[in-house]
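Student: Hey, dropping query.cif in here, mmCIF, C-alpha atoms (C1' of nucleotides):
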```
data_start
#
loop_
_atom_site.label_atom_id
_atom_site.label_comp_id
_atom_site.auth_asym_id
_atom_site.auth_seq_id
_atom_site.Cartn_x
_atom_site.Cartn_y
_atom_site.Cartn_z
CA MET A 3 181.68 -180.25 -30.50
CA ILE A 4 184.74 -182.36 -30.35
CA ASN A 5 187.99 -181.37 -28.69
CA VAL A 6 186.76 -178.23 -26.96
CA GLU A 7 186.73 -178.95 -23.23
CA LYS A 8 188.90 -175.93 -22.68
CA THR A 9 188.77 -175.51 -18.95
CA LYS A 10 188.92 -179.19 -18.13
CA LYS A 11 191.76 -180.80 -20.00
CA ARG A 12 194.04 -177.83 -20.24
CA PRO A 13 196.32 -177.39 -17.23
CA TYR A 14 196.39 -174.26 -15.11
CA HIS A 15 198.43 -172.22 -17.47
CA HIS A 16 200.33 -173.82 -20.29
CA GLY A 17 199.91 -176.62 -22.69
CA ASP A 18 203.55 -177.44 -22.19
CA LEU A 19 205.14 -175.76 -19.21
CA ARG A 20 208.25 -177.85 -19.54
CA ASP A 21 208.99 -176.54 -22.99
CA ALA A 22 207.97 -173.01 -22.00
CA LEU A 23 210.49 -173.19 -19.16
CA LEU A 24 213.23 -174.29 -21.52
CA ARG A 25 212.44 -171.51 -23.97
CA ALA A 26 212.27 -168.80 -21.33
CA GLY A 27 215.30 -170.32 -19.64
CA GLU A 28 217.37 -170.18 -22.78
CA GLN A 29 216.37 -166.58 -23.34
CA ALA A 30 217.31 -165.69 -19.77
CA LEU A 31 220.55 -167.60 -20.14
CA GLU A 32 221.73 -165.63 -23.17
CA THR A 33 220.54 -162.37 -21.62
CA GLY A 34 222.16 -162.58 -18.22
CA GLY A 35 224.25 -165.73 -18.00
CA ALA A 36 223.62 -168.90 -16.03
CA GLN A 37 224.33 -167.35 -12.64
CA ASN A 38 221.66 -164.69 -13.10
CA LEU A 39 218.96 -167.09 -14.20
CA SER A 40 216.24 -166.93 -11.56
CA LEU A 41 213.50 -169.53 -11.22
CA ARG A 42 211.22 -167.02 -9.52
CA GLU A 43 211.68 -164.58 -12.37
CA LEU A 44 210.97 -167.33 -14.89
CA GLY A 45 207.79 -168.13 -12.97
CA ARG A 46 206.67 -164.50 -13.06
CA GLU A 47 207.41 -164.29 -16.75
CA LEU A 48 205.31 -167.34 -17.52
CA GLY A 49 202.50 -166.36 -15.15
CA VAL A 50 203.08 -169.40 -13.01
CA SER A 51 204.00 -170.10 -9.40
CA HIS A 52 207.70 -170.04 -8.66
CA THR A 53 207.50 -173.69 -7.62
CA ALA A 54 205.66 -174.95 -10.68
CA PHE A 55 208.87 -175.93 -12.47
CA ARG A 56 209.43 -178.68 -9.93
CA ARG A 57 207.24 -181.15 -11.81
CA TYR A 58 209.69 -181.05 -14.71
CA PHE A 59 213.03 -180.17 -13.20
CA VAL A 60 213.89 -181.24 -9.67
CA ASP A 61 215.92 -178.12 -9.05
CA ARG A 62 217.67 -175.20 -10.70
CA GLN A 63 220.61 -177.29 -11.80
CA ALA A 64 218.28 -179.76 -13.50
CA LEU A 65 216.87 -176.96 -15.63
CA LEU A 66 220.37 -175.84 -16.58
CA ASP A 67 221.26 -179.45 -17.39
CA GLY A 68 218.16 -179.64 -19.57
CA LEU A 69 219.27 -176.55 -21.47
CA ALA A 70 222.79 -177.95 -21.91
CA LEU A 71 221.36 -181.23 -23.17
CA GLU A 72 219.31 -179.43 -25.81
CA GLY A 73 222.43 -177.50 -26.74
CA PHE A 74 224.50 -180.63 -27.31
CA GLU A 75 221.81 -182.16 -29.48
CA ARG A 76 221.44 -179.01 -31.53
CA LEU A 77 225.21 -178.70 -31.96
CA ARG A 78 225.50 -182.34 -32.98
CA THR A 79 223.02 -182.03 -35.84
CA THR A 80 224.76 -178.82 -36.95
CA LEU A 81 228.20 -180.44 -37.00
CA THR A 82 226.90 -183.57 -38.66
CA LYS A 83 225.47 -181.52 -41.50
CA ALA A 84 228.70 -179.53 -41.82
CA VAL A 85 230.76 -182.61 -42.71
CA ALA A 86 228.04 -184.54 -44.54
CA ASP A 87 229.69 -184.16 -47.95
CA ARG A 88 232.36 -186.86 -48.13
CA ASN A 89 233.58 -185.79 -51.54
CA GLN A 90 235.62 -182.98 -50.07
CA ASP A 91 239.21 -183.28 -48.97
CA PHE A 92 240.28 -183.48 -45.35
CA GLU A 93 241.26 -179.85 -44.93
CA ALA A 94 237.99 -178.58 -46.40
CA ARG A 95 235.92 -180.79 -44.13
CA LEU A 96 237.94 -179.85 -41.09
CA ILE A 97 237.45 -176.16 -41.83
CA LYS A 98 233.72 -176.64 -42.31
CA LEU A 99 233.50 -178.53 -39.04
CA ALA A 100 235.47 -175.93 -37.16
CA ARG A 101 233.54 -173.06 -38.71
CA ALA A 102 230.21 -174.61 -37.79
CA TYR A 103 231.34 -175.00 -34.19
CA VAL A 104 232.65 -171.46 -34.05
CA ARG A 105 229.40 -170.13 -35.49
CA PHE A 106 227.37 -172.01 -32.91
CA SER A 107 229.50 -170.74 -30.06
CA THR A 108 229.28 -167.12 -31.19
CA LYS A 109 225.54 -167.39 -31.77
CA TYR A 110 224.86 -168.96 -28.36
CA PRO A 111 227.79 -167.92 -26.18
CA ALA A 112 226.08 -168.42 -22.83
CA LEU A 113 224.66 -171.79 -23.87
CA THR A 114 228.09 -172.87 -25.09
CA ALA A 115 229.61 -171.79 -21.78
CA LEU A 116 226.92 -173.76 -19.97
CA MET A 117 227.61 -176.86 -22.06
CA PHE A 118 231.26 -176.36 -21.33
CA THR A 119 230.84 -176.29 -17.56
CA ALA A 120 228.38 -179.17 -17.70
CA LYS A 121 231.03 -181.26 -19.41
CA HIS A 122 233.48 -180.25 -16.72
CA ASN A 123 231.18 -181.02 -13.82
CA PRO A 124 231.91 -184.47 -12.37
CA ALA A 125 228.40 -184.55 -10.90
CA ALA A 126 226.75 -184.00 -14.27
CA PRO A 127 224.08 -186.59 -15.16
CA PRO A 128 225.38 -189.39 -17.41
CA GLU A 129 222.74 -188.43 -19.98
CA LEU A 130 224.56 -185.14 -20.44
CA ILE A 131 228.02 -186.69 -20.59
CA GLU A 132 226.83 -189.08 -23.28
CA ALA A 133 225.28 -186.29 -25.33
CA SER A 134 228.55 -184.40 -25.12
CA GLU A 135 230.58 -187.42 -26.18
CA ARG A 136 228.28 -188.16 -29.10
CA THR A 137 228.71 -184.60 -30.26
CA PHE A 138 232.48 -184.54 -30.06
CA ALA A 139 232.87 -187.95 -31.66
CA ILE A 140 232.48 -186.26 -35.03
CA GLY A 141 236.05 -184.94 -35.04
CA PRO A 142 237.78 -188.33 -34.73
CA LEU A 143 235.39 -189.64 -37.39
CA VAL A 144 236.50 -187.04 -39.91
CA VAL A 145 240.13 -187.81 -39.07
CA GLU A 146 239.56 -191.52 -39.66
CA GLU A 147 238.04 -190.84 -43.04
CA GLY A 148 241.03 -188.63 -43.78
CA GLN A 149 243.30 -191.54 -42.90
CA VAL A 150 241.41 -193.84 -45.25
CA ALA A 151 241.86 -191.28 -48.02
CA GLY A 152 245.60 -191.14 -47.24
CA GLU A 153 245.44 -187.46 -46.31
CA VAL A 154 246.19 -188.05 -42.66
CA VAL A 155 249.12 -189.87 -41.07
CA GLN A 156 248.36 -193.29 -39.55
CA GLY A 157 247.81 -193.60 -35.82
CA ASP A 158 245.16 -193.37 -33.12
CA SER A 159 242.46 -191.19 -34.64
CA LEU A 160 241.41 -189.97 -31.21
CA LEU A 161 244.88 -188.67 -30.41
CA LEU A 162 245.33 -187.16 -33.86
CA SER A 163 241.97 -185.45 -33.82
CA LEU A 164 242.83 -184.11 -30.40
CA ALA A 165 245.32 -181.71 -31.95
CA ALA A 166 242.65 -180.41 -34.30
CA SER A 167 239.69 -180.28 -31.97
CA SER A 168 241.62 -178.87 -29.04
CA SER A 169 242.90 -176.01 -31.14
CA VAL A 170 239.37 -175.13 -32.21
CA GLU A 171 238.09 -175.49 -28.67
CA GLY A 172 240.90 -173.24 -27.51
CA LEU A 173 240.32 -170.71 -30.25
CA ILE A 174 236.77 -170.34 -29.04
CA ALA A 175 237.86 -170.24 -25.42
CA MET A 176 240.40 -167.53 -26.11
CA SER A 177 237.99 -165.37 -28.07
CA ARG A 178 235.58 -162.72 -26.97
CA ASN A 179 232.52 -161.79 -29.00
CA GLY A 180 233.70 -164.12 -31.75
CA LYS A 181 236.98 -162.24 -32.01
CA PHE A 182 240.55 -162.70 -30.90
CA LYS A 183 242.57 -159.49 -30.57
CA GLY A 184 239.99 -157.83 -32.76
CA ILE A 185 240.31 -160.35 -35.59
CA PRO A 186 237.16 -162.40 -36.37
CA LEU A 187 237.50 -166.08 -35.55
CA ASP A 188 236.36 -167.03 -39.03
CA ARG A 189 239.49 -165.48 -40.44
CA LEU A 190 241.81 -167.03 -37.88
CA LEU A 191 240.31 -170.44 -38.33
CA GLY A 192 241.88 -171.02 -41.74
CA GLU A 193 245.32 -170.09 -40.44
CA VAL A 194 245.10 -172.42 -37.48
CA ILE A 195 243.54 -175.34 -39.35
CA GLN A 196 246.17 -175.06 -42.05
CA ARG A 197 248.92 -175.54 -39.45
CA ILE A 198 247.05 -178.47 -37.97
CA VAL A 199 246.61 -180.14 -41.35
CA LEU A 200 250.31 -179.73 -42.08
CA GLY A 201 251.09 -181.37 -38.75
CA LEU A 202 248.79 -184.28 -39.52
CA ARG A 203 250.01 -184.86 -43.09
CA PRO A 204 251.76 -188.16 -43.78
CA ARG A 205 255.59 -187.94 -43.89
CA ASN A 206 256.98 -189.31 -47.10
CA MET B 1 258.22 -151.34 25.49
CA ILE B 2 258.24 -150.52 21.85
CA ASN B 3 255.72 -151.70 19.32
CA VAL B 4 253.19 -153.14 21.76
CA GLU B 5 250.10 -150.90 21.66
CA LYS B 6 247.96 -153.95 20.96
CA THR B 7 244.48 -152.62 21.44
CA LYS B 8 245.12 -149.26 19.87
CA LYS B 9 246.80 -149.61 16.51
CA ARG B 10 245.50 -153.02 15.62
CA PRO B 11 242.13 -152.95 13.84
CA TYR B 12 239.09 -154.81 15.12
CA HIS B 13 240.15 -158.20 13.97
CA HIS B 14 242.92 -158.64 11.46
CA GLY B 15 246.20 -157.10 10.65
CA ASP B 16 245.36 -157.52 7.00
CA LEU B 17 241.73 -158.29 6.33
CA ARG B 18 242.17 -157.77 2.62
CA ASP B 19 244.71 -160.53 2.34
CA ALA B 20 242.76 -162.75 4.73
CA LEU B 21 239.73 -162.36 2.46
CA LEU B 22 241.76 -163.34 -0.59
CA ARG B 23 243.19 -166.40 1.16
CA ALA B 24 239.82 -167.55 2.54
CA GLY B 25 238.23 -166.67 -0.80
CA GLU B 26 240.66 -168.80 -2.75
CA GLN B 27 240.09 -171.71 -0.41
CA ALA B 28 236.33 -171.36 -0.76
CA LEU B 29 236.73 -171.05 -4.52
CA GLU B 30 238.57 -174.34 -4.91
CA THR B 31 236.22 -176.05 -2.48
CA GLY B 32 232.87 -175.07 -3.91
CA GLY B 33 233.41 -173.08 -7.07
CA ALA B 34 232.82 -169.38 -7.70
CA GLN B 35 229.05 -169.61 -7.62
CA ASN B 36 229.03 -171.08 -4.11
CA LEU B 37 231.41 -168.53 -2.66
CA SER B 38 229.46 -166.63 0.00
CA LEU B 39 230.58 -163.32 1.47
CA ARG B 40 228.60 -163.94 4.63
CA GLU B 41 230.24 -167.32 5.10
CA LEU B 42 233.66 -165.76 4.56
CA GLY B 43 232.81 -163.18 7.21
CA ARG B 44 231.80 -165.88 9.68
CA GLU B 45 234.98 -167.81 8.95
CA LEU B 46 237.17 -164.78 9.61
CA GLY B 47 235.16 -163.67 12.65
CA VAL B 48 234.19 -160.45 11.01
CA SER B 49 230.97 -158.72 10.00
CA HIS B 50 229.54 -159.80 6.67
CA THR B 51 229.93 -156.23 5.43
CA ALA B 52 233.54 -155.74 6.51
CA PHE B 53 234.89 -156.75 3.11
CA ARG B 54 233.42 -153.63 1.60
CA ARG B 55 236.44 -151.53 2.53
CA TYR B 56 238.60 -153.64 0.20
CA PHE B 57 236.25 -154.95 -2.44
CA VAL B 58 233.23 -152.95 -3.52
CA ASP B 59 231.17 -156.08 -4.12
CA ARG B 60 231.32 -159.82 -4.59
CA GLN B 61 232.50 -159.54 -8.18
CA ALA B 62 235.37 -157.30 -7.09
CA LEU B 63 236.61 -160.03 -4.76
CA LEU B 64 236.41 -162.59 -7.54
CA ASP B 65 238.26 -160.19 -9.82
CA GLY B 66 240.91 -159.80 -7.15
CA LEU B 67 241.34 -163.57 -7.00
CA ALA B 68 241.56 -163.81 -10.78
CA LEU B 69 244.16 -161.04 -10.85
CA GLU B 70 246.33 -162.88 -8.35
CA GLY B 71 245.90 -166.00 -10.46
CA PHE B 72 247.12 -164.32 -13.62
CA GLU B 73 250.18 -162.94 -11.85
CA ARG B 74 251.00 -166.30 -10.33
CA LEU B 75 250.57 -168.06 -13.65
CA ARG B 76 252.73 -165.52 -15.41
CA THR B 77 255.72 -166.03 -13.13
CA THR B 78 255.27 -169.81 -13.46
CA LEU B 79 255.23 -169.68 -17.26
CA THR B 80 258.11 -167.24 -17.39
CA LYS B 81 260.27 -169.62 -15.36
CA ALA B 82 259.23 -172.56 -17.52
CA VAL B 83 260.73 -171.05 -20.68
CA ALA B 84 263.61 -169.18 -19.04
CA ASP B 85 266.28 -171.45 -20.52
CA ARG B 86 266.89 -170.21 -24.05
CA ASN B 87 269.41 -172.90 -24.85
CA GLN B 88 266.68 -175.42 -25.54
CA ASP B 89 265.08 -175.99 -28.90
CA PHE B 90 261.62 -174.75 -29.83
CA GLU B 91 259.79 -178.00 -29.25
CA ALA B 92 261.31 -178.49 -25.81
CA ARG B 93 260.41 -174.99 -24.71
CA LEU B 94 256.90 -175.28 -26.07
CA ILE B 95 256.37 -178.52 -24.17
CA LYS B 96 257.70 -176.97 -20.98
CA LEU B 97 255.42 -173.99 -21.42
CA ALA B 98 252.40 -176.14 -22.09
CA ARG B 99 253.17 -178.49 -19.25
CA ALA B 100 253.51 -175.63 -16.78
CA TYR B 101 250.14 -174.26 -17.84
CA VAL B 102 248.50 -177.67 -17.62
CA ARG B 103 249.95 -178.21 -14.16
CA PHE B 104 248.68 -174.87 -12.97
CA SER B 105 245.20 -175.55 -14.30
CA THR B 106 244.99 -178.98 -12.70
CA LYS B 107 246.33 -177.66 -9.41
CA TYR B 108 243.90 -174.73 -9.29
CA PRO B 109 240.98 -175.77 -11.48
CA ALA B 110 238.43 -173.39 -10.00
CA LEU B 111 240.83 -170.46 -10.10
CA THR B 112 241.68 -171.25 -13.71
CA ALA B 113 237.99 -171.37 -14.55
CA LEU B 114 237.52 -168.03 -12.82
CA MET B 115 240.40 -166.50 -14.76
CA PHE B 116 238.88 -167.92 -17.88
CA THR B 117 235.48 -166.33 -17.36
CA ALA B 118 237.10 -163.08 -16.24
CA LYS B 119 238.88 -162.93 -19.58
CA HIS B 120 235.59 -163.60 -21.31
CA ASN B 121 233.65 -160.98 -19.41
CA PRO B 122 233.39 -157.73 -21.41
CA ALA B 123 232.74 -155.84 -18.16
CA ALA B 124 235.95 -157.06 -16.56
CA PRO B 125 238.18 -154.28 -15.20
CA PRO B 126 240.99 -153.27 -17.60
CA GLU B 127 243.51 -154.16 -14.90
CA LEU B 128 242.42 -157.78 -15.24
CA ILE B 129 242.45 -157.77 -19.04
CA GLU B 130 245.97 -156.39 -19.01
CA ALA B 131 247.17 -159.02 -16.54
CA SER B 132 245.68 -161.70 -18.77
CA GLU B 133 247.34 -160.28 -21.86
CA ARG B 134 250.71 -160.01 -20.18
CA THR B 135 250.44 -163.65 -19.16
CA PHE B 136 249.50 -164.96 -22.58
CA ALA B 137 252.09 -162.87 -24.37
CA ILE B 138 254.67 -165.50 -23.44
CA GLY B 139 253.50 -167.90 -26.17
CA PRO B 140 254.09 -165.54 -29.09
CA LEU B 141 257.46 -164.63 -27.55
CA VAL B 142 258.64 -168.23 -27.60
CA VAL B 143 257.45 -168.54 -31.19
CA GLU B 144 259.40 -165.44 -32.18
CA GLU B 145 262.55 -166.82 -30.64
CA GLY B 146 261.86 -170.06 -32.52
CA GLN B 147 261.66 -168.05 -35.74
CA VAL B 148 264.99 -166.38 -35.02
CA ALA B 149 266.53 -169.81 -34.50
CA GLY B 150 265.05 -170.95 -37.82
CA GLU B 151 262.94 -173.63 -36.19
CA VAL B 152 259.66 -171.93 -36.98
CA VAL B 153 258.30 -170.79 -40.32
CA GLN B 154 258.25 -167.03 -40.95
CA GLY B 155 255.04 -165.09 -40.43
CA ASP B 156 253.00 -163.25 -37.83
CA SER B 157 254.13 -164.75 -34.53
CA LEU B 158 250.77 -164.02 -32.96
CA LEU B 159 248.92 -166.02 -35.60
CA LEU B 160 251.46 -168.83 -35.53
CA SER B 161 251.45 -169.08 -31.76
CA LEU B 162 247.68 -169.16 -31.89
CA ALA B 163 247.79 -172.68 -33.27
CA ALA B 164 249.98 -173.77 -30.38
CA SER B 165 248.38 -171.87 -27.54
CA SER B 166 244.83 -172.57 -28.64
CA SER B 167 245.48 -176.30 -28.74
CA VAL B 168 246.83 -176.22 -25.20
CA GLU B 169 243.97 -174.04 -24.04
CA GLY B 170 241.57 -176.47 -25.68
CA LEU B 171 243.29 -179.49 -24.23
CA ILE B 172 242.73 -178.07 -20.78
CA ALA B 173 239.18 -177.10 -21.62
CA MET B 174 238.37 -180.57 -22.88
CA SER B 175 239.83 -182.32 -19.89
CA ARG B 176 238.38 -183.26 -16.55
CA ASN B 177 240.51 -183.77 -13.45
CA GLY B 178 243.59 -183.33 -15.58
CA LYS B 179 242.55 -186.18 -17.84
CA PHE B 180 241.00 -186.61 -21.25
CA LYS B 181 239.18 -189.89 -21.83
CA GLY B 182 241.08 -191.27 -18.87
CA ILE B 183 244.51 -190.38 -20.27
CA PRO B 184 246.55 -187.86 -18.23
CA LEU B 185 247.05 -184.53 -19.98
CA ASP B 186 250.79 -184.74 -19.43
CA ARG B 187 250.92 -187.73 -21.74
CA LEU B 188 248.67 -186.20 -24.38
CA LEU B 189 250.59 -182.98 -24.39
CA GLY B 190 253.62 -184.40 -26.18
CA GLU B 191 251.45 -185.90 -28.90
CA VAL B 192 249.61 -182.66 -29.53
CA ILE B 193 252.65 -180.39 -29.33
CA GLN B 194 254.54 -182.64 -31.72
CA ARG B 195 251.79 -182.17 -34.33
CA ILE B 196 251.84 -178.44 -33.76
CA VAL B 197 255.60 -178.23 -34.16
CA LEU B 198 255.41 -180.19 -37.40
CA GLY B 199 252.80 -177.76 -38.65
CA LEU B 200 254.97 -174.79 -37.74
CA ARG B 201 258.20 -176.16 -39.20
CA PRO B 202 259.69 -174.24 -42.14
CA ARG B 203 258.97 -175.83 -45.53
CA ASN B 204 262.11 -176.48 -47.51
"C1'" DA C 18 198.58 -185.06 -12.74
"C1'" DC C 19 199.62 -180.45 -12.20
"C1'" DC C 20 200.09 -176.36 -9.79
"C1'" DT C 21 199.73 -173.06 -5.51
"C1'" DG C 22 201.16 -170.59 -1.23
"C1'" DA C 23 203.19 -170.24 3.03
"C1'" DA C 24 207.37 -171.13 5.53
"C1'" DC C 25 212.33 -171.63 5.94
"C1'" DA C 26 217.00 -170.64 5.61
"C1'" DC C 27 219.80 -168.54 3.10
"C1'" DC C 28 221.82 -164.54 0.03
"C1'" DG C 29 224.31 -159.46 -1.55
"C1'" DT C 30 223.96 -154.57 -0.94
"C1'" DT C 31 223.05 -150.18 1.32
"C1'" DC C 32 223.63 -146.97 4.94
"C1'" DA C 33 223.70 -144.77 9.29
"C1'" DA C 34 226.23 -145.54 13.29
"C1'" DG C 35 229.94 -146.95 16.27
"C1'" DT C 36 235.14 -147.02 17.74
"C1'" DA D 1 240.35 -145.52 8.85
"C1'" DC D 2 238.01 -149.57 9.75
"C1'" DC D 3 234.27 -152.20 11.09
"C1'" DT D 4 229.25 -153.15 12.89
"C1'" DG D 5 224.18 -154.02 12.73
"C1'" DA D 6 219.76 -153.35 11.17
"C1'" DA D 7 217.01 -153.10 7.05
"C1'" DC D 8 215.84 -154.27 2.33
"C1'" DA D 9 214.92 -156.90 -1.57
"C1'" DC D 10 215.92 -160.66 -3.37
"C1'" DC D 11 216.94 -165.98 -3.71
"C1'" DG D 12 216.10 -171.80 -4.03
"C1'" DT D 13 213.89 -175.55 -1.74
"C1'" DT D 14 210.45 -178.04 0.94
"C1'" DC D 15 205.89 -179.49 1.82
"C1'" DA D 16 201.12 -179.64 2.80
"C1'" DA D 17 197.26 -178.28 0.32
"C1'" DG D 18 194.31 -177.22 -3.52
"C1'" DT D 19 191.96 -178.41 -8.25
#
```
Any chance you could give the structure as structure tokens?
Tutor:
Amino acid sequence: MINVEKTKKRPYHHGDLRDALLRAGEQALETGGAQNLSLRELGRELGVSHTAFRRYFVDRQALLDGLALEGFERLRTTLTKAVADRNQDFEARLIKLARAYVRFSTKYPALTALMFTAKHNPAAPPELIEASERTFAIGPLVVEEGQVAGEVVQGDSLLLSLAASSSVEGLIAMSRNGKFKGIPLDRLLGEVIQRIVLGLRPRN
Amino acid sequence: MINVEKTKKRPYHHGDLRDALLRAGEQALETGGAQNLSLRELGRELGVSHTAFRRYFVDRQALLDGLALEGFERLRTTLTKAVADRNQDFEARLIKLARAYVRFSTKYPALTALMFTAKHNPAAPPELIEASERTFAIGPLVVEEGQVAGEVVQGDSLLLSLAASSSVEGLIAMSRNGKFKGIPLDRLLGEVIQRIVLGLRPRN
DNA sequence: ACCTGAACACCGTTCAAGT
DNA sequence: ACCTGAACACCGTTCAAGT
């Protein structure tokens, strides 16, 4: 009998309490928002003491930071996939990028809000800041490739992409339930991106 | 002796507890953020029972809503003044509008964040939603006047202004301490607005 | 190494009562 | 009309102790 010392090796409750906390935490986050996430309630849910989390997250904020970190990594792989095809023109790639971001934010609104405030928080752990910056480096990259293809005016790609990315960020910020004034973001996106692309086009 | 019945007409502590709560609340908001605003602490600060606020605000959220409402009204008069001069061209007015908003948000970051989440909250009182909509109706208005002057392409002013306002909203969202990647928002604003104006210009 | 349980110092909300 | 004070049901965090 190999590998069967059930009551010895296995910890009190879970095989992986850390992950269980993140999963339950994310659920709680989307259900009631960050401010209503309760560590004691999470403990009850997982059949564990309300102080058990401390081995994995020093405090409540650390758990929220952990959730935000996961969010950034998930968003990054999503966005990376969205612009993977380099045979498309600049406008098409920009729309795909924006749409992927919008989809993510409407699918996980509370997580997106959490990521947003984490980015804003000066006391956020550097780990989190870096994850955020890696994620939002994709925009400037697409702009640079657009410049190489002659579809985008020359200049600092960071500044140029700012016009594009800020408008998408703002579109999401201004929306509720994935809508703005009742119109789905997906429909508005094309309109906005089109204006942005016109503004970024080389003057001839 | 007219007007001197001190101990009779005057209430237990304040002449205007409601306003005192708003003032202390706003201070607490900018100091520690909405989540750290404590009604009991406010009560202590004002030398009043921790349940006294209940006459004016049914619960904690109602006080926060009251602060957000004040914020929207203050922002609206600021923005209105910023674009009051109709003898300027579209780009100049748009920059003034954006700059005024950016200034407000860097001056009252926590209040702006509160207004932001209030707008997002589906359960927010209609009073608050209306105040928000009145405030952000200024953007489309400036666009419409730009259309009349022939400086902006024809089309739905709401959709066209969305490109402009969302980029400003996003610029603020993406910034920290009024800066983005270390560059002051005021400097970035011109760059972004210029792109937007180019994108909105009539094709000929 | 991983988790528990009691103790501590806070909360917001309710409600009967006081002036 | 305006405010108090006790009571209630929650919190997050700390820390010594258990397995």
Student: Between B:Glu26, B:Glu133, B:Asp16, B:Glu45, single out the one closest to chain D, counting only C-alpha atoms (C1' of nucleotides).
Tutor: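 Using only C-alpha atoms (C1' of nucleotides), the shortest distance to chain D belongs to B:Asp16.
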Student: When you look at DA9 in chain D with a cut-off of 12 Å (counting only C-alpha atoms (C1' of nucleotides)), what residues show up, excluding the ones that are within fewer than 3 positions of it in the same chain? I need them as a PDB file with C-alpha atoms (C1' of nucleotides), keeping the file's coordinate frame.
Tutor:
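For reference, around_39.pdb as written:
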```pdb
ATOM      1  C1'  DC C  28     221.820-164.540   0.030  1.00  0.00           C
ATOM      2  C1'  DG C  29     224.310-159.460  -1.550  1.00  0.00           C
ATOM      3  C1'  DT C  30     223.960-154.570  -0.940  1.00  0.00           C
ATOM      4  C1'  DT C  31     223.050-150.180   1.320  1.00  0.00           C
TER       5       DT C  31
END
```
Student: Any idea what's packed within 9 Å of DA34 in chain C, counting only C-alpha atoms (C1' of nucleotides), ignoring anything in its chain fewer than 2 positions away? Could you give it as JSON, numbers by chain?
Tutor: {"C": [32], "D": [4, 5]}
Student: Can you list what the PyMOL selection byres ((chain A and resi 52-67) around 7) grabs from this structure, as a PyMOL selection string?
Tutor: (chain A and resi 20+41-42+45+50-51+68-71) or (chain C and resi 20)
Student: Looking at only C-alpha atoms, which of A:Leu81, A:Ile195, A:Ala151, A:Ala126 is the one that sits closest to chain B?
Tutor: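 Going through A:Leu81, A:Ile195, A:Ala151, A:Ala126 one by one, the smallest distance to chain B is for A:Ile195.
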Student: Kindly resolve the PyMOL selection byres ((chain A and resi 138) around 12) on the present coordinates and return the residues as a PyMOL selection string.
Tutor: (chain A and resi 74-75+77-82+99-100+103+121+131-137+139-144+160+163-164+166-168+170-171) or (chain B and resi 174+181)
